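Everything below belongs to target.cif, which stores mmCIF, C-alpha atoms.
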```cif
data_my_file
loop_
_atom_site.label_atom_id
_atom_site.label_comp_id
_atom_site.auth_asym_id
_atom_site.auth_seq_id
_atom_site.Cartn_x
_atom_site.Cartn_y
_atom_site.Cartn_z
CA MET A 1 95.76 122.88 74.64
CA THR A 2 96.88 119.37 73.66
CA ALA A 3 94.09 116.83 73.95
CA LEU A 4 94.58 114.26 76.69
CA ASP A 5 94.35 110.56 75.88
CA CYS A 6 92.62 107.85 77.96
CA LYS A 7 95.81 106.81 79.75
CA GLU A 8 96.59 110.37 80.87
CA VAL A 9 93.01 111.03 81.93
CA ARG A 10 92.80 107.86 84.01
CA GLU A 11 95.94 108.85 85.89
CA LEU A 12 94.51 112.32 86.56
CA LEU A 13 90.99 111.27 87.62
CA PRO A 14 91.82 110.19 91.21
CA LEU A 15 93.74 113.41 91.84
CA GLY A 16 90.74 115.74 91.60
CA LEU A 17 92.68 118.38 89.68
CA ALA A 18 91.80 122.00 89.18
CA GLY A 19 92.72 124.44 86.44
CA TYR A 20 93.68 123.71 82.86
CA GLN A 21 94.18 119.99 83.46
CA ALA A 22 90.59 119.78 84.74
CA ALA A 23 89.45 121.47 81.55
CA GLY A 24 91.41 118.92 79.51
CA VAL A 25 89.91 116.05 81.51
CA ALA A 26 86.37 117.44 81.12
CA GLN A 27 86.90 117.81 77.38
CA HIS A 28 88.02 114.18 77.14
CA LEU A 29 85.16 112.89 79.32
CA ALA A 30 82.59 114.59 77.10
CA THR A 31 83.60 112.31 74.23
CA CYS A 32 84.79 109.13 75.98
CA PRO A 33 82.12 106.94 77.66
CA GLU A 34 84.76 104.53 79.04
CA CYS A 35 86.63 107.22 80.95
CA ARG A 36 83.33 108.82 81.98
CA ALA A 37 82.27 105.53 83.59
CA GLU A 38 85.58 105.42 85.44
CA ALA A 39 85.14 109.03 86.59
CA GLU A 40 81.70 108.17 87.98
CA VAL A 41 83.07 105.23 89.97
CA ILE A 42 85.84 107.42 91.38
CA ALA A 43 83.31 110.11 92.36
CA ARG A 44 81.24 107.49 94.20
CA LEU A 45 84.31 106.19 95.99
CA ARG A 46 85.31 109.68 97.05
CA GLN A 47 81.86 110.42 98.48
CA THR A 48 81.89 107.34 100.68
CA ALA A 49 85.23 107.80 102.45
CA PRO A 50 84.84 106.72 106.09
CA ALA A 51 84.22 109.58 108.52
CA VAL A 52 86.50 110.15 111.48
CA PRO A 53 84.77 108.86 114.66
CA ALA A 54 83.52 111.49 117.07
CA GLY A 55 85.77 111.77 120.09
CA LEU A 56 88.90 110.46 118.38
CA GLU A 57 90.52 113.88 118.24
CA THR A 58 90.04 114.38 121.99
CA ARG A 59 91.35 110.90 122.69
CA VAL A 60 94.49 111.35 120.56
CA LEU A 61 95.23 114.80 121.93
CA GLY A 62 94.94 113.37 125.46
CA ALA A 63 97.27 110.49 124.63
CA VAL A 64 99.83 112.81 123.10
CA ARG A 65 99.79 114.95 126.22
CA ALA A 66 100.23 111.88 128.43
CA ARG A 67 103.05 110.39 126.38
CA THR A 68 105.79 111.28 128.83
CA VAL A 69 104.03 109.16 131.46
CA ARG A 70 103.87 106.28 129.02
CA ARG A 71 107.56 106.58 128.21
CA THR A 72 108.64 106.25 131.86
CA TRP A 73 106.62 103.03 132.11
CA ARG A 74 109.43 101.30 130.25
CA SER A 75 111.89 100.70 133.07
CA PRO A 76 115.55 99.70 132.46
CA ARG A 77 114.70 96.20 133.68
CA GLN A 78 111.90 95.84 131.11
CA LEU A 79 114.17 97.15 128.37
CA ALA A 80 116.91 94.64 129.34
CA LEU A 81 114.38 91.80 129.15
CA ALA A 82 113.17 92.99 125.73
CA ALA A 83 116.77 93.17 124.45
CA THR A 84 117.46 89.62 125.66
CA LEU A 85 114.33 88.31 123.93
CA ALA A 86 115.17 90.16 120.71
CA ALA A 87 118.69 88.71 120.70
CA ALA A 88 117.26 85.21 121.20
CA VAL A 89 114.80 85.65 118.31
CA ILE A 90 117.46 87.02 115.94
CA GLY A 91 119.89 84.25 116.92
CA GLY A 92 117.21 81.60 116.36
CA THR A 93 116.28 83.03 112.98
CA LEU A 94 119.90 83.07 111.81
CA LEU A 95 120.38 79.49 113.00
CA MET A 96 117.26 78.35 111.10
CA ARG A 97 118.53 80.05 107.92
CA VAL A 98 121.86 78.23 108.20
CA ILE A 99 120.03 74.92 108.67
CA ASP A 100 117.66 75.68 105.75
CA GLN A 101 120.53 76.52 103.41
CA GLY A 102 122.22 73.27 104.30
CA ASN A 103 119.04 71.32 103.46
CA SER A 104 118.10 73.17 100.24
CA PRO A 105 118.21 71.26 96.92
CA PRO A 106 120.74 72.59 94.39
CA ALA A 107 118.06 74.16 92.14
CA ALA A 108 116.67 76.28 94.99
CA ALA A 109 120.16 77.36 95.97
CA ASP A 110 120.86 78.40 92.39
CA SER A 111 117.72 80.52 92.08
CA ALA A 112 118.51 82.31 95.34
CA GLY A 113 122.10 83.04 94.35
CA PRO A 114 123.13 86.68 93.99
CA GLY A 115 124.39 86.26 90.43
CA GLY A 116 121.35 84.59 88.91
CA GLN A 117 118.25 86.68 88.21
CA PRO A 118 115.27 84.32 88.47
CA SER A 119 113.13 84.48 85.39
CA VAL A 120 109.57 85.52 86.30
CA PRO A 121 106.88 84.68 83.74
CA LEU A 122 104.40 87.45 82.99
CA PRO A 123 101.29 86.46 84.96
CA VAL A 124 97.87 86.27 83.38
CA LEU A 125 95.42 88.84 84.77
CA GLU A 126 93.28 86.12 86.32
CA ASP A 127 96.26 84.58 88.13
CA PRO A 128 95.27 84.40 91.84
CA ALA A 129 98.92 84.92 92.78
CA LEU A 130 98.64 88.43 91.34
CA TYR A 131 96.11 89.29 93.99
CA GLY A 132 98.65 88.72 96.72
CA GLY A 133 100.92 91.31 95.17
CA SER A 134 104.11 89.29 95.52
CA VAL A 135 104.22 88.50 91.80
CA LEU A 136 103.83 92.15 90.83
CA SER A 137 106.74 93.10 93.03
CA ASN A 138 109.00 90.77 91.07
CA LEU A 139 108.17 92.29 87.68
CA THR A 140 110.31 94.83 85.89
CA GLU A 141 108.96 98.25 84.96
CA ALA A 142 108.64 97.11 81.33
CA GLU A 143 106.61 94.07 82.38
CA LEU A 144 104.37 96.24 84.57
CA GLU A 145 103.84 98.64 81.65
CA SER A 146 102.88 95.69 79.49
CA LEU A 147 100.38 94.58 82.11
CA LEU A 148 98.90 98.08 82.32
CA THR A 149 98.46 98.20 78.57
CA ARG A 150 96.56 94.92 78.76
CA ILE A 151 94.39 96.21 81.60
CA GLU A 152 93.52 99.35 79.69
CA SER A 153 92.83 97.54 76.42
CA MET B 1 95.10 140.38 127.12
CA ASN B 2 98.49 138.77 126.60
CA ALA B 3 99.72 139.95 123.19
CA THR B 4 102.78 137.70 123.26
CA ALA B 5 100.69 134.61 123.85
CA LEU B 6 98.46 135.55 120.94
CA THR B 7 101.34 135.90 118.51
CA GLU B 8 102.83 132.60 119.66
CA GLU B 9 99.60 130.64 119.21
CA PRO B 10 100.03 128.56 116.04
CA ALA B 11 97.31 129.08 113.49
CA GLU B 12 95.69 126.11 111.77
CA ALA B 13 97.08 127.45 108.47
CA GLU B 14 100.63 128.05 109.73
CA PRO B 15 103.32 126.85 107.28
CA GLU B 16 104.30 123.30 108.06
CA ARG B 17 108.03 123.91 108.51
CA LEU B 18 107.42 126.49 111.25
CA LEU B 19 104.84 124.27 112.85
CA LEU B 20 107.24 121.33 112.90
CA ASP B 21 109.99 123.47 114.42
CA ARG B 22 107.65 124.52 117.20
CA ALA B 23 106.32 121.02 117.76
CA ARG B 24 109.87 119.66 117.84
CA ALA B 25 110.73 122.20 120.51
CA GLY B 26 107.89 120.85 122.64
CA ASP B 27 105.22 123.45 121.83
CA ARG B 28 102.03 121.60 122.70
CA ALA B 29 99.76 123.95 120.79
CA ALA B 30 101.78 123.28 117.63
CA GLN B 31 101.59 119.53 118.28
CA ASP B 32 97.82 119.82 118.64
CA VAL B 33 97.58 121.57 115.27
CA LEU B 34 99.55 118.75 113.66
CA VAL B 35 97.23 116.16 115.20
CA ARG B 36 94.12 118.00 113.96
CA ARG B 37 95.61 118.54 110.51
CA TYR B 38 96.43 114.87 109.89
CA LEU B 39 93.94 113.00 112.09
CA ALA B 40 91.58 112.11 109.21
CA ASP B 41 94.43 110.98 106.95
CA VAL B 42 95.90 108.72 109.61
CA PHE B 43 92.54 107.30 110.71
CA ARG B 44 91.44 106.49 107.15
CA VAL B 45 94.75 104.89 106.23
CA THR B 46 94.83 102.71 109.36
CA TYR B 47 91.15 101.90 108.88
CA ARG B 48 91.85 100.66 105.36
CA LEU B 49 94.85 98.68 106.56
CA LEU B 50 93.03 97.08 109.48
CA GLY B 51 89.38 97.02 108.39
CA SER B 52 88.25 97.72 111.94
CA ARG B 53 87.21 101.06 113.36
CA GLU B 54 88.27 100.17 116.91
CA ARG B 55 91.71 98.99 115.87
CA ALA B 56 92.13 101.96 113.55
CA GLU B 57 91.39 104.30 116.46
CA ASP B 58 94.05 102.55 118.54
CA ALA B 59 96.51 102.68 115.66
CA THR B 60 95.75 106.36 115.08
CA GLN B 61 96.52 107.14 118.70
CA ASP B 62 99.75 105.13 118.58
CA THR B 63 100.75 106.86 115.35
CA PHE B 64 100.61 110.35 116.81
CA VAL B 65 102.20 109.37 120.11
CA ASN B 66 105.07 107.63 118.28
CA ALA B 67 105.44 110.36 115.66
CA LEU B 68 105.64 113.21 118.15
CA GLN B 69 108.17 111.28 120.22
CA ALA B 70 110.24 110.65 117.09
CA LEU B 71 109.81 114.18 115.70
CA PRO B 72 113.38 115.27 116.64
CA HIS B 73 114.60 112.54 114.25
CA PHE B 74 112.45 113.73 111.32
CA ARG B 75 114.96 115.18 108.85
CA GLY B 76 112.56 116.37 106.17
CA GLU B 77 113.79 113.96 103.48
CA SER B 78 110.16 113.23 102.65
CA SER B 79 107.09 115.32 103.42
CA PHE B 80 105.86 115.17 107.01
CA ARG B 81 102.65 113.56 105.76
CA THR B 82 104.54 110.75 104.02
CA TRP B 83 106.69 110.21 107.11
CA LEU B 84 103.62 110.19 109.35
CA LEU B 85 101.74 107.74 107.13
CA ARG B 86 104.73 105.39 107.23
CA ILE B 87 104.48 105.45 111.02
CA ALA B 88 100.74 104.84 110.66
CA GLY B 89 101.49 101.77 108.57
CA ASN B 90 103.81 100.45 111.26
CA ALA B 91 101.25 101.21 113.98
CA ALA B 92 98.57 99.36 112.03
CA ARG B 93 100.82 96.35 111.56
CA SER B 94 101.65 96.24 115.24
CA GLN B 95 97.95 96.07 116.02
CA GLY B 96 98.38 92.44 115.11
CA ARG B 97 95.83 92.11 112.36
CA ARG B 98 96.71 91.78 108.75
CA TRP B 99 94.61 93.88 106.36
CA SER B 100 94.05 90.85 104.17
CA ARG B 101 91.79 89.34 106.82
CA SER B 102 89.59 92.41 107.19
CA ARG B 103 86.98 92.25 104.45
CA GLU B 104 83.80 91.67 106.43
CA THR B 105 84.42 94.24 109.16
CA GLY B 106 85.25 96.84 106.52
CA ILE B 107 81.81 96.56 104.97
CA THR B 108 79.57 97.12 107.94
CA GLU B 109 81.74 99.54 109.84
CA GLY B 110 82.43 101.66 106.78
CA ALA B 111 78.74 101.93 106.08
CA ALA B 112 77.93 102.76 109.68
CA GLU B 113 80.18 105.78 109.57
CA ILE B 114 78.25 107.56 106.87
CA GLY B 115 75.15 109.64 107.19
CA ASP B 116 74.91 111.91 110.19
CA GLY B 117 73.15 114.69 108.28
CA ALA B 118 69.90 116.38 109.30
CA ASP B 119 67.84 114.98 106.47
CA ALA B 120 67.05 111.42 107.55
CA GLY B 121 65.97 110.26 104.09
CA ARG B 122 69.12 111.55 102.48
CA ALA B 123 71.17 110.02 105.26
CA VAL B 124 69.61 106.61 104.55
CA GLU B 125 70.38 106.99 100.85
CA ARG B 126 73.97 107.89 101.60
CA ARG B 127 74.27 104.95 103.97
CA GLU B 128 72.91 102.56 101.35
CA GLU B 129 75.23 103.97 98.70
CA ALA B 130 78.18 103.66 101.08
CA ALA B 131 77.22 100.05 101.80
CA ARG B 132 77.04 99.30 98.05
CA VAL B 133 80.48 100.80 97.48
CA GLU B 134 81.94 98.99 100.50
CA ARG B 135 80.48 95.68 99.30
CA ALA B 136 82.10 96.21 95.92
CA LEU B 137 85.40 97.16 97.56
CA ALA B 138 85.21 94.04 99.70
CA GLN B 139 85.21 91.90 96.56
CA LEU B 140 88.59 93.24 95.49
CA PRO B 141 91.79 91.46 96.40
CA PRO B 142 93.32 93.25 99.42
CA ARG B 143 96.16 95.01 97.63
CA GLN B 144 93.86 96.28 94.90
CA ARG B 145 91.38 97.53 97.50
CA LEU B 146 94.13 99.28 99.38
CA ALA B 147 95.61 100.86 96.25
CA VAL B 148 92.20 102.13 95.11
CA THR B 149 91.09 103.57 98.44
CA LEU B 150 94.43 105.15 99.28
CA ARG B 151 94.70 106.69 95.82
CA VAL B 152 91.13 107.96 95.46
CA GLN B 153 90.07 108.71 99.02
CA GLN B 154 93.43 109.80 100.42
CA GLY B 155 95.14 111.13 97.32
CA LEU B 156 98.31 109.15 98.02
CA SER B 157 100.96 108.75 95.33
CA TYR B 158 101.88 105.30 94.07
CA ARG B 159 105.15 105.68 95.96
CA GLU B 160 103.31 106.33 99.25
CA ILE B 161 100.98 103.39 98.59
CA ALA B 162 103.96 101.13 97.92
CA ALA B 163 105.58 102.24 101.19
CA LEU B 164 102.41 101.37 103.11
CA ALA B 165 101.30 98.22 101.32
CA GLY B 166 104.67 96.82 100.31
CA GLY B 167 105.86 96.20 96.76
CA SER B 168 107.01 98.64 94.11
CA GLU B 169 105.45 101.85 92.76
CA GLY B 170 104.74 100.02 89.52
CA ALA B 171 102.94 97.25 91.38
CA ALA B 172 100.84 99.86 93.24
CA ARG B 173 99.90 101.42 89.89
CA VAL B 174 98.88 98.08 88.40
CA ASN B 175 96.89 97.18 91.51
CA TYR B 176 95.10 100.54 91.33
CA HIS B 177 94.10 100.12 87.69
CA LEU B 178 93.06 96.48 88.16
CA GLY B 179 90.98 97.50 91.16
CA ILE B 180 89.26 100.37 89.35
CA LYS B 181 88.51 98.17 86.38
CA ARG B 182 86.88 95.56 88.63
CA LEU B 183 84.91 98.22 90.53
CA ARG B 184 83.51 99.53 87.26
CA GLU B 185 82.16 96.06 86.56
CA LEU B 186 80.72 95.75 90.05
CA LEU B 187 79.17 99.22 90.35
CA THR B 188 77.76 99.84 86.89
#
```

Encoded form (structure tokens):
Amino acid sequence: MTALDCKEVRELLPLGLAGYQAAGVAQHLATCPECRAEAEVIARLRQTAPAVPAGLETRVLGAVRARTVRRTWRSPRQLALAATLAAAVIGGTLLMRVIDQGNSPPAAADSAGPGGQPSVPLPVLEDPALYGGSVLSNLTEAELESLLTRIES
Amino acid sequence: MNATALTEEPAEAEPERLLLDRARAGDRAAQDVLVRRYLADVFRVTYRLLGSRERAEDATQDTFVNALQALPHFRGESSFRTWLLRIAGNAARSQGRRWSRSRETGITEGAAEIGDGADAGRAVERREEAARVERALAQLPPRQRLAVTLRVQQGLSYREIAALAGGSEGAARVNYHLGIKRLRELLT
């Protein structure tokens, strides 16, 4: 059996594997205090998963049974009103976009253009913007890999 | 005894494809099995998205009602669980509360759920441990908290997490590892 490294073990830990991979993970944990600490945190997290509230199953089963009643509540008149409102919202949004584009400075228009890929600097780990997730979504796979390497180092 | 009825009753362990076919055809017993099979998954995911037990219960109910209505349109391109959890994500969002505003409620309500065992002392210990873990989780940025809990407690793939939380698979992976690293600092 090929020995697993820290990166492989840390990907396997949250999966709660059985069989030969579990043996490989156990072998690694016996000699790696860093991964063992991570395994302990994951075990604690797993033990404290929120329980399903009593009575929820009965409630959901009842709602599922009653769903045909709920469906008929939406009359054609209500649906027509909803469609009119949706059309108004979509129309308004499109109008605002046209106005915004007309008011945008040239630099903003350039960065939003289909041909130009905006250059995204690699964020530092402490960057608060990272916490929102929007920065991560803009990174390439290579940049994400680089970040992961820094996290694991 | 009605032998036909017995053979038609879906077992809890019935293969999913057969169960889905029956549920799609309007078999209520099969629909009930699906609800029981995935109730915990859906509740925990909506709870983590909303941070409120009450809203998660509402979102769980909406998820199953919507999913069973939409079941004829499920084409099996993903697993049923993945499809269902996507509907759960939509149901949670339509509850009107963003998960990023849910830290405080997540702490107390999460802790309150734990510990209904017979041994009172052990139940207290479990409740305290759950509160410690929830407090640590509450200190994580929302996307890291979501990635960690969905990965560890629900066993979701990075792809499923990305579908629920937004962003790419790679971003979900980074958020998971950042979150675990921070939890290690907070819990050890």

Given the choices B:Leu140, B:Val65, B:Ala147, B:Ile161, which gets closest to chain A if the distance is worked out from all atoms listed in the file?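 Using all atoms listed in the file, the shortest distance to chain A belongs to B:Val65.
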
Answer key for the PyMOL selection byres ((chain A) within 7 of (chain B)), residues as a compact mmCIF listing (two decimals) with C-alpha atoms, keeping the file's coordinate frame:
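As a result, result_15.txt now contains:
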```
# COMPACT_ATOMS: atom_id res chain seq x y z
CA PRO A 14 91.82 110.19 91.21
CA LEU A 15 93.74 113.41 91.84
CA GLU A 38 85.58 105.42 85.44
CA VAL A 41 83.07 105.23 89.97
CA ILE A 42 85.84 107.42 91.38
CA LEU A 45 84.31 106.19 95.99
CA ARG A 46 85.31 109.68 97.05
CA THR A 48 81.89 107.34 100.68
CA ALA A 49 85.23 107.80 102.45
CA PRO A 50 84.84 106.72 106.09
CA ALA A 51 84.22 109.58 108.52
CA VAL A 52 86.50 110.15 111.48
CA LEU A 56 88.90 110.46 118.38
CA GLU A 57 90.52 113.88 118.24
CA VAL A 60 94.49 111.35 120.56
CA LEU A 61 95.23 114.80 121.93
CA ALA A 63 97.27 110.49 124.63
CA VAL A 64 99.83 112.81 123.10
CA ARG A 67 103.05 110.39 126.38
CA TYR A 131 96.11 89.29 93.99
CA GLY A 132 98.65 88.72 96.72
CA GLY A 133 100.92 91.31 95.17
CA LEU A 136 103.83 92.15 90.83
CA SER A 137 106.74 93.10 93.03
CA GLU A 141 108.96 98.25 84.96
CA LEU A 144 104.37 96.24 84.57
CA LEU A 148 98.90 98.08 82.32
CA ILE A 151 94.39 96.21 81.60
```

Which centre and edge lengths in Å to one decimal define the box along x, y and z that fits every listed atom of region 161-166 of chain B plus 6 Å per side, as lines of an AutoDock Vina configuration file?
```
center_x = 103.3
center_y = 100.1
center_z = 100.5
size_x = 16.6
size_y = 18.6
size_z = 17.2
```

Kindly give the distance, in Å, that separates CA of Ala91 (chain B) and CA of Ala59 (chain B), rounded to a single decimal.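 That distance, rounded to one decimal, is 5.2 Å.
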
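Straight-line separation from CA of Gly26 (chain B) to CA of Gly62 (chain A): 15.2 Å.
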
Coords for region 11-40 of chain B, N, CA and C atoms, as a PDB file, in the first residue's frame:
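Below is the file that was written, part_20.pdb:
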```pdb
ATOM      1  N   ALA B  11     -40.148  -0.744   0.587  1.00  0.00           N
ATOM      2  CA  ALA B  11     -39.324  -0.914   1.779  1.00  0.00           C
ATOM      3  C   ALA B  11     -38.418   0.291   1.925  1.00  0.00           C
ATOM      4  N   GLU B  12     -37.969   0.542   3.165  1.00  0.00           N
ATOM      5  CA  GLU B  12     -37.075   1.673   3.407  1.00  0.00           C
ATOM      6  C   GLU B  12     -35.791   1.522   2.591  1.00  0.00           C
ATOM      7  N   ALA B  13     -35.398   0.253   2.333  1.00  0.00           N
ATOM      8  CA  ALA B  13     -34.131   0.016   1.633  1.00  0.00           C
ATOM      9  C   ALA B  13     -34.319  -0.197   0.127  1.00  0.00           C
ATOM     10  N   GLU B  14     -35.504   0.078  -0.391  1.00  0.00           N
ATOM     11  CA  GLU B  14     -35.755  -0.148  -1.818  1.00  0.00           C
ATOM     12  C   GLU B  14     -34.812   0.709  -2.669  1.00  0.00           C
ATOM     13  N   PRO B  15     -34.315   0.138  -3.786  1.00  0.00           N
ATOM     14  CA  PRO B  15     -33.411   0.916  -4.643  1.00  0.00           C
ATOM     15  C   PRO B  15     -34.058   2.229  -5.067  1.00  0.00           C
ATOM     16  N   GLU B  16     -33.240   3.255  -5.129  1.00  0.00           N
ATOM     17  CA  GLU B  16     -33.772   4.603  -5.328  1.00  0.00           C
ATOM     18  C   GLU B  16     -34.515   4.769  -6.662  1.00  0.00           C
ATOM     19  N   ARG B  17     -33.993   4.148  -7.717  1.00  0.00           N
ATOM     20  CA  ARG B  17     -34.623   4.332  -9.029  1.00  0.00           C
ATOM     21  C   ARG B  17     -36.066   3.826  -9.018  1.00  0.00           C
ATOM     22  N   LEU B  18     -36.267   2.655  -8.399  1.00  0.00           N
ATOM     23  CA  LEU B  18     -37.622   2.097  -8.320  1.00  0.00           C
ATOM     24  C   LEU B  18     -38.515   2.985  -7.461  1.00  0.00           C
ATOM     25  N   LEU B  19     -37.931   3.443  -6.384  1.00  0.00           N
ATOM     26  CA  LEU B  19     -38.675   4.307  -5.466  1.00  0.00           C
ATOM     27  C   LEU B  19     -39.115   5.593  -6.172  1.00  0.00           C
ATOM     28  N   LEU B  20     -38.212   6.158  -6.942  1.00  0.00           N
ATOM     29  CA  LEU B  20     -38.527   7.398  -7.660  1.00  0.00           C
ATOM     30  C   LEU B  20     -39.609   7.156  -8.704  1.00  0.00           C
ATOM     31  N   ASP B  21     -39.534   6.010  -9.391  1.00  0.00           N
ATOM     32  CA  ASP B  21     -40.564   5.687 -10.385  1.00  0.00           C
ATOM     33  C   ASP B  21     -41.934   5.621  -9.722  1.00  0.00           C
ATOM     34  N   ARG B  22     -41.969   4.986  -8.568  1.00  0.00           N
ATOM     35  CA  ARG B  22     -43.251   4.839  -7.862  1.00  0.00           C
ATOM     36  C   ARG B  22     -43.740   6.183  -7.348  1.00  0.00           C
ATOM     37  N   ALA B  23     -42.825   6.958  -6.789  1.00  0.00           N
ATOM     38  CA  ALA B  23     -43.210   8.275  -6.267  1.00  0.00           C
ATOM     39  C   ALA B  23     -43.699   9.176  -7.395  1.00  0.00           C
ATOM     40  N   ARG B  24     -43.037   9.081  -8.542  1.00  0.00           N
ATOM     41  CA  ARG B  24     -43.401   9.892  -9.701  1.00  0.00           C
ATOM     42  C   ARG B  24     -44.799   9.523 -10.201  1.00  0.00           C
ATOM     43  N   ALA B  25     -45.138   8.259 -10.039  1.00  0.00           N
ATOM     44  CA  ALA B  25     -46.462   7.794 -10.466  1.00  0.00           C
ATOM     45  C   ALA B  25     -47.538   8.112  -9.426  1.00  0.00           C
ATOM     46  N   GLY B  26     -47.148   8.779  -8.345  1.00  0.00           N
ATOM     47  CA  GLY B  26     -48.133   9.201  -7.353  1.00  0.00           C
ATOM     48  C   GLY B  26     -48.301   8.258  -6.183  1.00  0.00           C
ATOM     49  N   ASP B  27     -47.400   7.283  -6.050  1.00  0.00           N
ATOM     50  CA  ASP B  27     -47.458   6.332  -4.941  1.00  0.00           C
ATOM     51  C   ASP B  27     -47.070   7.048  -3.642  1.00  0.00           C
ATOM     52  N   ARG B  28     -48.035   7.251  -2.784  1.00  0.00           N
ATOM     53  CA  ARG B  28     -47.791   8.040  -1.571  1.00  0.00           C
ATOM     54  C   ARG B  28     -46.841   7.341  -0.604  1.00  0.00           C
ATOM     55  N   ALA B  29     -46.931   6.018  -0.549  1.00  0.00           N
ATOM     56  CA  ALA B  29     -46.030   5.290   0.358  1.00  0.00           C
ATOM     57  C   ALA B  29     -44.578   5.493  -0.081  1.00  0.00           C
ATOM     58  N   ALA B  30     -44.356   5.477  -1.404  1.00  0.00           N
ATOM     59  CA  ALA B  30     -42.998   5.695  -1.909  1.00  0.00           C
ATOM     60  C   ALA B  30     -42.541   7.123  -1.609  1.00  0.00           C
ATOM     61  N   GLN B  31     -43.446   8.070  -1.735  1.00  0.00           N
ATOM     62  CA  GLN B  31     -43.105   9.466  -1.424  1.00  0.00           C
ATOM     63  C   GLN B  31     -42.737   9.607   0.051  1.00  0.00           C
ATOM     64  N   ASP B  32     -43.472   8.900   0.903  1.00  0.00           N
ATOM     65  CA  ASP B  32     -43.172   8.953   2.339  1.00  0.00           C
ATOM     66  C   ASP B  32     -41.773   8.409   2.631  1.00  0.00           C
ATOM     67  N   VAL B  33     -41.407   7.333   1.932  1.00  0.00           N
ATOM     68  CA  VAL B  33     -40.070   6.758   2.142  1.00  0.00           C
ATOM     69  C   VAL B  33     -39.001   7.772   1.749  1.00  0.00           C
ATOM     70  N   LEU B  34     -39.233   8.472   0.636  1.00  0.00           N
ATOM     71  CA  LEU B  34     -38.262   9.486   0.211  1.00  0.00           C
ATOM     72  C   LEU B  34     -38.137  10.598   1.249  1.00  0.00           C
ATOM     73  N   VAL B  35     -39.264  11.020   1.792  1.00  0.00           N
ATOM     74  CA  VAL B  35     -39.230  12.070   2.824  1.00  0.00           C
ATOM     75  C   VAL B  35     -38.417  11.586   4.019  1.00  0.00           C
ATOM     76  N   ARG B  36     -38.706  10.376   4.492  1.00  0.00           N
ATOM     77  CA  ARG B  36     -37.990   9.866   5.674  1.00  0.00           C
ATOM     78  C   ARG B  36     -36.497   9.703   5.386  1.00  0.00           C
ATOM     79  N   ARG B  37     -36.191   9.256   4.181  1.00  0.00           N
ATOM     80  CA  ARG B  37     -34.791   8.987   3.834  1.00  0.00           C
ATOM     81  C   ARG B  37     -33.952  10.274   3.831  1.00  0.00           C
ATOM     82  N   TYR B  38     -34.542  11.376   3.379  1.00  0.00           N
ATOM     83  CA  TYR B  38     -33.744  12.597   3.189  1.00  0.00           C
ATOM     84  C   TYR B  38     -34.104  13.733   4.137  1.00  0.00           C
ATOM     85  N   LEU B  39     -34.991  13.475   5.080  1.00  0.00           N
ATOM     86  CA  LEU B  39     -35.440  14.547   5.985  1.00  0.00           C
ATOM     87  C   LEU B  39     -34.261  15.180   6.741  1.00  0.00           C
ATOM     88  N   ALA B  40     -33.393  14.346   7.309  1.00  0.00           N
ATOM     89  CA  ALA B  40     -32.278  14.878   8.112  1.00  0.00           C
ATOM     90  C   ALA B  40     -31.328  15.689   7.241  1.00  0.00           C
TER      91      ALA B  40
END
```
